[in-house]
$ cat my_file_1.txt   # compact mmCIF, C-alpha atoms and all ligand atoms
# COMPACT_ATOMS: atom_id res chain seq x y z
CA MET X 1 5.11 -0.86 -21.28
CA ILE X 2 7.82 1.75 -20.85
CA ASN X 3 9.58 1.96 -17.52
CA MET X 4 12.18 4.63 -16.80
CA GLU X 5 13.94 4.25 -13.47
CA HIS X 6 16.02 7.01 -11.92
CA VAL X 7 17.18 8.26 -15.29
CA THR X 8 19.62 11.16 -15.42
CA LYS X 9 21.16 12.80 -18.48
CA ARG X 10 24.13 15.13 -18.37
CA PHE X 11 25.32 16.24 -21.78
CA VAL X 12 28.62 17.28 -20.21
CA ALA X 13 30.28 15.20 -17.48
CA ASP X 14 29.85 17.08 -14.19
CA GLY X 15 27.60 19.55 -16.01
CA PRO X 16 23.97 20.25 -15.18
CA ALA X 17 21.43 17.42 -15.39
CA SER X 18 19.09 18.03 -18.34
CA VAL X 19 17.02 15.10 -17.07
CA ASP X 20 17.36 14.64 -13.35
CA ASP X 21 16.66 11.32 -11.59
CA LEU X 22 13.43 10.87 -13.53
CA SER X 23 11.19 7.85 -13.06
CA LEU X 24 8.18 7.23 -15.27
CA VAL X 25 5.95 4.27 -16.09
CA VAL X 26 3.81 4.30 -19.22
CA PRO X 27 1.43 1.32 -19.00
CA GLU X 28 0.89 -0.85 -22.07
CA GLY X 29 -1.56 0.62 -24.55
CA THR X 30 -1.81 4.05 -22.92
CA THR X 31 -0.67 7.52 -23.90
CA THR X 32 1.45 9.74 -21.68
CA ALA X 33 1.87 13.39 -22.59
CA LEU X 34 5.11 15.05 -21.46
CA ILE X 35 4.57 18.75 -21.05
CA GLY X 36 6.47 21.64 -19.54
CA PRO X 37 8.31 24.84 -20.37
CA SER X 38 10.87 24.95 -23.16
CA GLY X 39 14.19 23.40 -22.12
CA CYS X 40 12.74 21.36 -19.22
CA GLY X 41 13.98 18.08 -20.75
CA LYS X 42 10.98 16.67 -22.64
CA THR X 43 12.76 15.85 -25.89
CA THR X 44 15.80 14.48 -24.07
CA THR X 45 13.55 12.20 -22.02
CA MET X 46 11.82 10.92 -25.13
CA ARG X 47 15.00 10.43 -27.15
CA MET X 48 16.50 8.26 -24.44
CA ILE X 49 13.63 5.79 -24.92
CA ASN X 50 14.74 4.97 -28.47
CA ARG X 51 18.39 5.64 -27.68
CA LEU X 52 18.87 8.60 -29.91
CA ILE X 53 20.39 9.82 -26.64
CA ASP X 54 22.05 7.52 -24.09
CA PRO X 55 21.27 8.11 -20.42
CA SER X 56 24.13 8.98 -18.05
CA GLU X 57 22.48 7.04 -15.23
CA GLY X 58 19.43 4.91 -14.66
CA LYS X 59 17.58 2.23 -16.50
CA ILE X 60 15.01 2.20 -19.31
CA ILE X 61 12.94 -0.89 -19.97
CA VAL X 62 10.75 -1.08 -23.09
CA ASN X 63 8.50 -4.13 -23.36
CA GLY X 64 10.61 -6.02 -20.86
CA GLU X 65 13.95 -5.26 -22.51
CA ASP X 66 16.67 -3.00 -21.19
CA VAL X 67 17.18 -0.61 -24.11
CA THR X 68 20.90 -0.25 -23.44
CA LYS X 69 21.31 -3.98 -24.11
CA VAL X 70 19.61 -3.91 -27.52
CA ASP X 71 21.18 -2.83 -30.80
CA PRO X 72 19.88 0.74 -31.22
CA VAL X 73 19.06 0.33 -34.91
CA GLU X 74 17.11 -2.84 -34.18
CA LEU X 75 15.41 -1.09 -31.24
CA ARG X 76 14.22 1.79 -33.44
CA ARG X 77 12.55 -0.56 -35.89
CA HIS X 78 10.17 -1.48 -33.09
CA ILE X 79 9.56 2.06 -31.91
CA GLY X 80 7.68 4.43 -34.19
CA TYR X 81 8.93 8.01 -34.08
CA VAL X 82 7.07 11.10 -35.27
CA ILE X 83 8.59 14.56 -35.10
CA GLN X 84 7.55 18.07 -36.02
CA GLN X 85 8.35 18.85 -39.67
CA VAL X 86 7.98 15.08 -40.08
CA GLY X 87 11.32 14.42 -41.71
CA LEU X 88 9.81 12.69 -44.74
CA PHE X 89 12.43 11.78 -47.34
CA PRO X 90 11.95 14.49 -49.99
CA HIS X 91 13.19 12.47 -52.97
CA MET X 92 11.00 9.49 -52.22
CA THR X 93 7.32 9.15 -53.09
CA ILE X 94 4.73 8.84 -50.34
CA ALA X 95 4.54 5.09 -51.03
CA GLN X 96 8.32 4.76 -50.64
CA ASN X 97 8.30 6.88 -47.50
CA ILE X 98 5.69 4.74 -45.78
CA ALA X 99 7.41 1.55 -46.92
CA ALA X 100 10.82 2.56 -45.54
CA VAL X 101 10.77 0.40 -42.39
CA PRO X 102 8.89 -2.58 -43.92
CA LYS X 103 11.59 -2.57 -46.61
CA LEU X 104 14.34 -2.65 -43.99
CA LEU X 105 12.50 -5.54 -42.36
CA GLY X 106 12.48 -7.39 -45.68
CA TRP X 107 8.72 -7.54 -46.18
CA ALA X 108 7.43 -8.91 -49.49
CA GLU X 109 6.24 -6.29 -51.94
CA THR X 110 2.58 -7.37 -51.88
CA ARG X 111 2.48 -7.26 -48.09
CA THR X 112 4.06 -3.79 -48.04
CA LYS X 113 1.65 -2.51 -50.69
CA LYS X 114 -1.38 -3.81 -48.82
CA ARG X 115 -0.09 -2.32 -45.56
CA THR X 116 0.58 1.06 -47.19
CA GLU X 117 -2.97 1.26 -48.52
CA GLU X 118 -4.37 0.21 -45.16
CA LEU X 119 -2.36 2.92 -43.39
CA LEU X 120 -3.41 5.68 -45.78
CA ASP X 121 -6.98 4.67 -45.13
CA LEU X 122 -6.32 4.72 -41.38
CA VAL X 123 -4.96 8.28 -41.51
CA GLY X 124 -7.79 9.40 -43.78
CA LEU X 125 -5.95 9.89 -47.06
CA ASP X 126 -6.81 8.55 -50.50
CA ALA X 127 -4.26 5.96 -51.65
CA GLY X 128 -4.94 6.46 -55.35
CA GLU X 129 -4.24 10.13 -55.01
CA MET X 130 -1.30 10.02 -52.62
CA LEU X 131 1.01 7.12 -53.35
CA LYS X 132 2.87 8.55 -56.34
CA ARG X 133 3.19 12.06 -54.99
CA TYR X 134 6.24 13.59 -53.35
CA PRO X 135 6.23 15.22 -49.90
CA ARG X 136 6.50 18.75 -51.34
CA GLN X 137 3.22 18.21 -53.19
CA LEU X 138 1.32 17.76 -49.91
CA SER X 139 -0.11 20.24 -47.41
CA GLY X 140 1.39 20.44 -43.91
CA GLY X 141 -1.52 18.48 -42.46
CA GLN X 142 -1.25 15.77 -45.12
CA ARG X 143 2.50 15.46 -44.52
CA GLN X 144 1.88 15.07 -40.81
CA ARG X 145 -0.60 12.27 -41.50
CA ILE X 146 1.99 10.55 -43.69
CA GLY X 147 4.48 10.92 -40.83
CA VAL X 148 2.04 9.09 -38.55
CA ALA X 149 1.36 6.43 -41.21
CA ARG X 150 5.08 5.88 -41.69
CA ALA X 151 5.67 5.53 -37.95
CA LEU X 152 2.89 2.93 -37.75
CA ALA X 153 4.00 1.01 -40.86
CA ALA X 154 5.64 -1.99 -39.20
CA ASP X 155 3.04 -1.93 -36.42
CA PRO X 156 5.49 -1.06 -33.62
CA PRO X 157 4.09 -1.52 -30.10
CA VAL X 158 5.57 1.81 -29.00
CA LEU X 159 5.17 5.23 -30.58
CA LEU X 160 7.16 8.33 -29.66
CA MET X 161 5.87 11.69 -30.87
CA ASP X 162 7.70 14.98 -30.39
CA GLU X 163 5.35 17.93 -30.92
CA PRO X 164 3.85 16.12 -33.92
CA PHE X 165 1.14 18.67 -34.64
CA GLY X 166 3.09 21.75 -33.56
CA ALA X 167 3.64 23.21 -37.02
CA ILE X 168 0.02 22.95 -38.13
CA ASP X 169 -2.59 25.71 -37.96
CA PRO X 170 -4.89 25.50 -34.91
CA ILE X 171 -8.03 24.32 -36.72
CA ALA X 172 -6.31 21.54 -38.66
CA ARG X 173 -4.40 20.64 -35.50
CA THR X 174 -7.56 20.03 -33.48
CA ARG X 175 -8.92 17.85 -36.27
CA LEU X 176 -5.70 15.84 -36.51
CA GLN X 177 -5.64 15.37 -32.74
CA ASP X 178 -9.19 14.03 -32.80
CA GLU X 179 -8.38 11.71 -35.68
CA PHE X 180 -5.22 10.53 -33.98
CA ARG X 181 -7.23 9.73 -30.87
CA GLN X 182 -9.60 7.64 -32.97
CA ILE X 183 -6.65 5.86 -34.61
CA LEU X 184 -5.30 4.97 -31.16
CA GLN X 185 -8.63 3.42 -30.24
CA ARG X 186 -8.23 1.07 -33.18
CA VAL X 187 -4.50 0.31 -32.95
CA ARG X 188 -3.55 0.06 -29.29
CA LYS X 189 -0.09 1.55 -28.82
CA THR X 190 2.01 2.63 -25.91
CA VAL X 191 2.61 6.29 -26.71
CA VAL X 192 4.80 9.05 -25.34
CA LEU X 193 3.79 12.42 -26.72
CA VAL X 194 5.87 15.54 -26.14
CA THR X 195 3.91 18.74 -26.38
CA HIS X 196 3.93 22.30 -25.10
CA ASP X 197 0.20 22.59 -25.71
CA LEU X 198 -1.88 21.79 -22.64
CA ASP X 199 -5.04 21.32 -24.70
CA GLU X 200 -3.24 18.69 -26.78
CA ALA X 201 -2.01 16.94 -23.62
CA ILE X 202 -5.57 16.92 -22.23
CA ARG X 203 -7.07 15.71 -25.49
CA LEU X 204 -4.61 12.89 -26.16
CA GLY X 205 -3.07 11.90 -22.85
CA ASP X 206 -4.41 9.17 -20.59
CA ARG X 207 -1.86 10.63 -18.24
CA ILE X 208 0.05 13.89 -18.20
CA ALA X 209 3.58 14.27 -16.86
CA ILE X 210 4.34 17.89 -16.04
CA MET X 211 8.07 18.56 -16.13
CA LYS X 212 10.22 21.29 -14.68
CA SER X 213 14.04 21.47 -14.77
CA GLY X 214 14.53 17.82 -15.76
CA LYS X 215 12.09 16.45 -13.18
CA ILE X 216 8.48 15.38 -13.20
CA VAL X 217 6.49 17.48 -10.77
CA GLN X 218 3.14 15.76 -11.30
CA TYR X 219 2.15 12.57 -13.13
CA ASP X 220 -1.58 12.12 -13.17
CA THR X 221 -4.74 11.87 -15.24
CA PRO X 222 -5.81 15.07 -17.02
CA ASP X 223 -8.72 15.38 -14.61
CA ALA X 224 -6.43 15.15 -11.57
CA VAL X 225 -3.90 17.60 -13.01
CA LEU X 226 -6.64 20.14 -13.70
CA SER X 227 -8.67 19.65 -10.54
CA ARG X 228 -5.81 19.00 -8.10
CA PRO X 229 -2.55 20.61 -9.28
CA ALA X 230 0.30 19.27 -7.14
CA ASP X 231 1.91 22.63 -6.45
CA ALA X 232 1.97 26.28 -7.40
CA PHE X 233 4.13 25.59 -10.47
CA VAL X 234 1.56 23.18 -11.92
CA GLU X 235 -1.31 25.44 -10.95
CA ASN X 236 0.33 28.33 -12.73
CA PHE X 237 1.20 26.12 -15.71
CA VAL X 238 -2.33 24.84 -16.22
CA GLY X 239 -3.64 28.39 -15.87
CA ILE X 240 -6.59 30.16 -14.38
CA ASP X 241 -8.95 28.62 -16.93
CA ARG X 242 -8.23 25.09 -15.74
CA ALA X 243 -11.82 24.65 -14.54
CA ILE X 244 -13.02 25.39 -18.07
CA LYS X 245 -10.37 23.18 -19.67
CA ARG X 246 -11.38 20.35 -17.36
CA LEU X 247 -14.93 20.51 -18.72
CA SER X 248 -13.61 19.39 -22.11
CA LEU X 249 -12.88 16.00 -20.50
CA PHE X 250 -16.58 15.29 -20.00
CA THR X 251 -19.49 14.97 -22.38
CA VAL X 252 -23.06 16.21 -22.09
CA SER X 253 -24.13 12.65 -21.25
CA ASP X 254 -22.12 12.95 -18.00
CA ALA X 255 -24.27 15.87 -16.79
CA MET X 256 -27.64 15.25 -18.44
CA ASN X 257 -30.91 14.94 -16.50
CA VAL X 258 -33.75 12.96 -17.97
CA ALA X 259 -36.30 15.77 -18.14
CA SER X 260 -38.43 17.43 -20.78
CA PRO X 261 -37.10 20.90 -21.51
CA ARG X 262 -39.49 23.60 -22.69
CA SER X 263 -39.95 23.59 -26.45
CA GLY X 264 -37.78 26.16 -28.16
CA THR X 265 -34.87 25.58 -25.77
CA SER X 266 -31.54 25.66 -27.64
CA THR X 267 -30.09 22.21 -28.24
CA VAL X 268 -26.76 20.49 -27.69
CA ALA X 269 -25.62 17.07 -28.91
CA LEU X 270 -25.36 14.26 -26.37
CA THR X 271 -21.77 13.69 -27.49
CA SER X 272 -20.61 17.33 -27.20
CA ASN X 273 -18.12 18.07 -24.49
CA LEU X 274 -19.19 20.20 -21.54
CA ARG X 275 -16.87 23.03 -22.44
CA ASP X 276 -18.67 23.41 -25.77
CA ALA X 277 -22.04 23.00 -24.03
CA LEU X 278 -21.18 25.86 -21.68
CA ALA X 279 -20.18 28.02 -24.65
CA LEU X 280 -23.56 27.26 -26.27
CA MET X 281 -25.33 28.27 -23.05
CA VAL X 282 -23.52 31.57 -22.97
CA ALA X 283 -24.37 32.17 -26.64
CA ALA X 284 -28.03 31.26 -26.04
CA ASN X 285 -28.12 33.36 -22.86
CA SER X 286 -29.79 30.48 -21.06
CA ASP X 287 -28.90 28.20 -18.17
CA VAL X 288 -30.42 25.10 -19.70
CA LEU X 289 -30.03 23.29 -23.02
CA ALA X 290 -32.09 20.48 -24.55
CA VAL X 291 -29.96 17.40 -25.21
CA VAL X 292 -30.47 15.68 -28.56
CA ASP X 293 -29.13 12.44 -30.04
CA GLU X 294 -27.81 11.94 -33.61
CA SER X 295 -31.35 11.72 -34.97
CA GLY X 296 -32.32 15.00 -33.30
CA ALA X 297 -34.59 13.35 -30.72
CA VAL X 298 -34.65 15.12 -27.33
CA LYS X 299 -33.14 12.93 -24.62
CA GLY X 300 -33.21 15.28 -21.66
CA GLU X 301 -31.69 18.55 -20.51
CA VAL X 302 -28.41 19.81 -19.18
CA THR X 303 -28.29 22.74 -16.77
CA ARG X 304 -25.47 25.11 -15.88
CA ASP X 305 -25.53 23.88 -12.29
CA ALA X 306 -25.15 20.28 -13.46
CA ILE X 307 -22.14 21.26 -15.57
CA PHE X 308 -20.50 23.04 -12.65
CA ALA X 309 -21.14 20.02 -10.40
CA VAL X 310 -19.22 17.57 -12.62
N1 LIG L 1 22.74 17.80 -27.55
C1 LIG L 1 22.72 18.61 -26.47
N2 LIG L 1 23.87 19.07 -25.94
C2 LIG L 1 23.86 19.86 -24.83
N3 LIG L 1 22.76 20.26 -24.19
C3 LIG L 1 21.59 19.83 -24.68
C4 LIG L 1 21.50 18.99 -25.84
N4 LIG L 1 20.19 18.73 -26.07
C5 LIG L 1 19.49 19.38 -25.11
N5 LIG L 1 20.32 20.04 -24.28
C6 LIG L 1 19.91 20.83 -23.10
O1 LIG L 1 19.11 20.03 -22.27
C7 LIG L 1 18.02 20.75 -21.73
C8 LIG L 1 16.72 20.08 -22.11
O2 LIG L 1 16.51 20.18 -23.51
P1 LIG L 1 15.29 19.50 -24.25
O3 LIG L 1 15.16 18.11 -23.79
O4 LIG L 1 15.46 19.71 -25.71
O5 LIG L 1 14.07 20.37 -23.69
P2 LIG L 1 12.55 20.49 -24.20
O6 LIG L 1 12.29 19.44 -25.23
O7 LIG L 1 11.74 20.32 -22.95
O8 LIG L 1 12.40 21.88 -24.74
C9 LIG L 1 18.16 22.17 -22.27
O9 LIG L 1 18.80 22.94 -21.31
C10 LIG L 1 19.02 21.98 -23.50
O10 LIG L 1 19.78 23.15 -23.74
MG MG L 2 11.70 19.58 -27.25
$ encode --input "my_file_1.txt" --output "structure tokens"
Amino acid sequence: MINMEHVTKRFVADGPASVDDLSLVVPEGTTTALIGPSGCGKTTTMRMINRLIDPSEGKIIVNGEDVTKVDPVELRRHIGYVIQQVGLFPHMTIAQNIAAVPKLLGWAETRTKKRTEELLDLVGLDAGEMLKRYPRQLSGGQRQRIGVARALAADPPVLLMDEPFGAIDPIARTRLQDEFRQILQRVRKTVVLVTHDLDEAIRLGDRIAIMKSGKIVQYDTPDAVLSRPADAFVENFVGIDRAIKRLSLFTVSDAMNVASPRSGTSTVALTSNLRDALALMVAANSDVLAVVDESGAVKGEVTRDAIFAV
């Protein structure tokens, strides 16, 4: 668990507060997305958790320990950190990059090797192909996966990610986000994710903290942020298409009726999200779709009214 209590950061004594009396609890094993306009204090908030920045006031507890009382280098070995542009070591192979923290921790070579292969598998890369390569020989998306693998190497309970997928093209980004979500289902971590992309916050966050001028203006589930914005700032930030964005939080199974649609009705997968289902309806010029499972068997129907009622 991460617990920030009344944390303030002034970079200059008596100067403005970049983070202003901020309190935030990230429960064990959950992901919190920090989002807000550029300069609102997201990165500063995150970097105080692993003490790359020291708070001016307030308290930060990570897994029961006050971070200001722990040696910062030791602290960072137990907190994975992923940033945009990854920061892989260019003169080290992928294997050496991933093994950096295990090496610092004095792991035996066989253990490190086994762990490296396991991690490459976890992030969907082929060990045989990757281990001897250098970062420059990888695509942006592959480098980002290595960044995630490296951050997970010593199995830290906490993971901090600062716009990790920001530099990747939109299609690859969506895929990486989905894969990262699946990884988190397998390795439970307490995650703080900084992003300026609301779709990313919705896709990955169990909770979203919306920040403005160093403060959190709303801290809630994605559904609550989209359906009940706390004020005009949040409402404006989440945008006029928030009702549509919210549909991506639900799947067809949440709105399906057990009924037998007319044959020839366009189909949608049971596992599709409702935003995609609505898009299919528009494309099919119909207000009902037949719902099918993985084998193609019809399970029921989903109507436009049912989608809007979710
Ligand atoms: N090292 C620093 N020295 C002085 N001011 C800083 C420093 N880092 C960030 N700031 C200021 O703190 C505020 C918050 O910055 P930051 O946390 O990077 O915002 P975000 O990540 O939300 O874009 C900004 O006004 C920024 O200019
Ligand atoms: Mg930032």
$ residues_around --input "my_file_1.txt" --residues "X:Val26" --least-positions-apart "5" --cutoff "10 Å" --atoms "all atoms listed in the file" --output "list in words"
Met1, Ile2, Asn3, Met4, Thr31, Thr32, Ala33, Val62, Thr190, Val191, Val192, Asp206 and Arg207 of chain X
$ atom_distance --input "my_file_1.txt" --atom1 "atom CA of X:Arg175" --atom2 "atom CA of X:Ala283"
23.2 Å
$ atom_distance --input "my_file_1.txt" --atom1 "atom CA of X:Arg133" --atom2 "atom CA of X:Arg150"
14.8 Å
$ closest_residue --input "my_file_1.txt" --among "X:Thr43, X:Gln137, X:Thr221, X:Gln177" --to "ligand LIG 1 (chain L)" --atoms "only C-alpha atoms and all ligand atoms"
X:Thr43
$ closest_residue --input "my_file_1.txt" --among "X:Ser18, X:Gln185, X:Gln142, X:Thr195" --to "ligand MG 2 (chain L)" --atoms "only C-alpha atoms and all ligand atoms"
X:Thr195
$ atom_distance --input "my_file_1.txt" --atom1 "atom CA of X:Gly166" --atom2 "atom CA of X:Ala209"
18.3 Å
$ closest_atom_pairs --input "my_file_1.txt" --of "chain X" --to "ligand MG 2 (chain L)" --cutoff "8 Å" --atoms "all atoms listed in the file" --output "CSV"
residue,atom,partner,partner_atom,distance
X:Ser38,CA,L:MG2,MG,6.8
X:Gly39,CA,L:MG2,MG,6.9
X:Gly41,CA,L:MG2,MG,7.0
X:Lys42,CA,L:MG2,MG,5.5
X:Thr43,CA,L:MG2,MG,4.1
X:Thr44,CA,L:MG2,MG,7.3
X:Asp162,CA,L:MG2,MG,6.9
X:Glu163,CA,L:MG2,MG,7.5
X:Val194,CA,L:MG2,MG,7.2
X:Thr195,CA,L:MG2,MG,7.9
$ closest_atom_pairs --input "my_file_1.txt" --of "chain X" --to "ligand LIG 1 (chain L)" --cutoff "12 Å" --atoms "only C-alpha atoms and all ligand atoms" --output "JSON lines"
{"residue": "X:Thr8", "atom": "CA", "partner": "L:LIG1", "partner_atom": "O1", "distance": 11.2}
{"residue": "X:Lys9", "atom": "CA", "partner": "L:LIG1", "partner_atom": "O1", "distance": 8.4}
{"residue": "X:Arg10", "atom": "CA", "partner": "L:LIG1", "partner_atom": "N3", "distance": 7.9}
{"residue": "X:Phe11", "atom": "CA", "partner": "L:LIG1", "partner_atom": "C2", "distance": 5.0}
{"residue": "X:Val12", "atom": "CA", "partner": "L:LIG1", "partner_atom": "C2", "distance": 7.1}
{"residue": "X:Ala13", "atom": "CA", "partner": "L:LIG1", "partner_atom": "C2", "distance": 10.8}
{"residue": "X:Gly15", "atom": "CA", "partner": "L:LIG1", "partner_atom": "N3", "distance": 9.5}
{"residue": "X:Pro16", "atom": "CA", "partner": "L:LIG1", "partner_atom": "O9", "distance": 8.5}
{"residue": "X:Ala17", "atom": "CA", "partner": "L:LIG1", "partner_atom": "O1", "distance": 7.7}
{"residue": "X:Ser18", "atom": "CA", "partner": "L:LIG1", "partner_atom": "O1", "distance": 4.4}
{"residue": "X:Val19", "atom": "CA", "partner": "L:LIG1", "partner_atom": "C8", "distance": 7.1}
{"residue": "X:Asp20", "atom": "CA", "partner": "L:LIG1", "partner_atom": "C8", "distance": 10.3}
{"residue": "X:Leu34", "atom": "CA", "partner": "L:LIG1", "partner_atom": "O7", "distance": 8.6}
{"residue": "X:Ile35", "atom": "CA", "partner": "L:LIG1", "partner_atom": "O7", "distance": 7.6}
{"residue": "X:Gly36", "atom": "CA", "partner": "L:LIG1", "partner_atom": "O7", "distance": 6.4}
{"residue": "X:Pro37", "atom": "CA", "partner": "L:LIG1", "partner_atom": "O7", "distance": 6.2}
{"residue": "X:Ser38", "atom": "CA", "partner": "L:LIG1", "partner_atom": "O8", "distance": 3.8}
{"residue": "X:Gly39", "atom": "CA", "partner": "L:LIG1", "partner_atom": "O5", "distance": 3.4}
{"residue": "X:Cys40", "atom": "CA", "partner": "L:LIG1", "partner_atom": "O7", "distance": 4.0}
{"residue": "X:Gly41", "atom": "CA", "partner": "L:LIG1", "partner_atom": "O3", "distance": 3.3}
{"residue": "X:Lys42", "atom": "CA", "partner": "L:LIG1", "partner_atom": "O7", "distance": 3.7}
{"residue": "X:Thr43", "atom": "CA", "partner": "L:LIG1", "partner_atom": "O6", "distance": 3.7}
{"residue": "X:Thr44", "atom": "CA", "partner": "L:LIG1", "partner_atom": "O3", "distance": 3.7}
{"residue": "X:Thr45", "atom": "CA", "partner": "L:LIG1", "partner_atom": "O3", "distance": 6.4}
{"residue": "X:Met46", "atom": "CA", "partner": "L:LIG1", "partner_atom": "O3", "distance": 8.0}
{"residue": "X:Arg47", "atom": "CA", "partner": "L:LIG1", "partner_atom": "O3", "distance": 8.4}
{"residue": "X:Met48", "atom": "CA", "partner": "L:LIG1", "partner_atom": "O3", "distance": 10.0}
{"residue": "X:Leu52", "atom": "CA", "partner": "L:LIG1", "partner_atom": "N1", "distance": 10.3}
{"residue": "X:Ile53", "atom": "CA", "partner": "L:LIG1", "partner_atom": "N1", "distance": 8.4}
{"residue": "X:Asp54", "atom": "CA", "partner": "L:LIG1", "partner_atom": "N1", "distance": 10.9}
{"residue": "X:Ile83", "atom": "CA", "partner": "L:LIG1", "partner_atom": "O6", "distance": 11.6}
{"residue": "X:Gln84", "atom": "CA", "partner": "L:LIG1", "partner_atom": "O6", "distance": 11.9}
{"residue": "X:Met161", "atom": "CA", "partner": "L:LIG1", "partner_atom": "O6", "distance": 11.5}
{"residue": "X:Asp162", "atom": "CA", "partner": "L:LIG1", "partner_atom": "O6", "distance": 8.2}
{"residue": "X:Glu163", "atom": "CA", "partner": "L:LIG1", "partner_atom": "O6", "distance": 9.1}
{"residue": "X:Leu193", "atom": "CA", "partner": "L:LIG1", "partner_atom": "O6", "distance": 11.1}
{"residue": "X:Val194", "atom": "CA", "partner": "L:LIG1", "partner_atom": "O6", "distance": 7.6}
{"residue": "X:Thr195", "atom": "CA", "partner": "L:LIG1", "partner_atom": "O6", "distance": 8.5}
{"residue": "X:His196", "atom": "CA", "partner": "L:LIG1", "partner_atom": "O7", "distance": 8.3}
{"residue": "X:Ala209", "atom": "CA", "partner": "L:LIG1", "partner_atom": "O7", "distance": 11.8}
{"residue": "X:Ile210", "atom": "CA", "partner": "L:LIG1", "partner_atom": "O7", "distance": 10.4}
{"residue": "X:Met211", "atom": "CA", "partner": "L:LIG1", "partner_atom": "O7", "distance": 7.9}
{"residue": "X:Lys212", "atom": "CA", "partner": "L:LIG1", "partner_atom": "O7", "distance": 8.5}
{"residue": "X:Ser213", "atom": "CA", "partner": "L:LIG1", "partner_atom": "C8", "distance": 7.9}
{"residue": "X:Gly214", "atom": "CA", "partner": "L:LIG1", "partner_atom": "C8", "distance": 7.1}
{"residue": "X:Lys215", "atom": "CA", "partner": "L:LIG1", "partner_atom": "O7", "distance": 10.5}
{"residue": "X:Ile216", "atom": "CA", "partner": "L:LIG1", "partner_atom": "O7", "distance": 11.4}
$ residues_near_point --input "my_file_1.txt" --point "(-3.6, 14.9, -38.1)" --cutoff "7 Å" --atoms "all atoms listed in the file" --output "list in words"
Gly141, Gln144, Arg145, Phe165, Arg173, Arg175, Leu176, Gln177, Glu179 and Phe180 of chain X
$ axis_aligned_box --input "my_file_1.txt" --around "stretch 57-61 of chain X" --padding-each-side "8 Å" --output "lines of an AutoDock Vina configuration file"
center_x = 17.7
center_y = 3.1
center_z = -17.3
size_x = 25.5
size_y = 23.9
size_z = 21.3
$ closest_residue --input "my_file_1.txt" --among "X:Leu152, X:Thr68, X:Ile60, X:Val225" --to "X:Ala99" --atoms "only C-alpha atoms"
X:Leu152
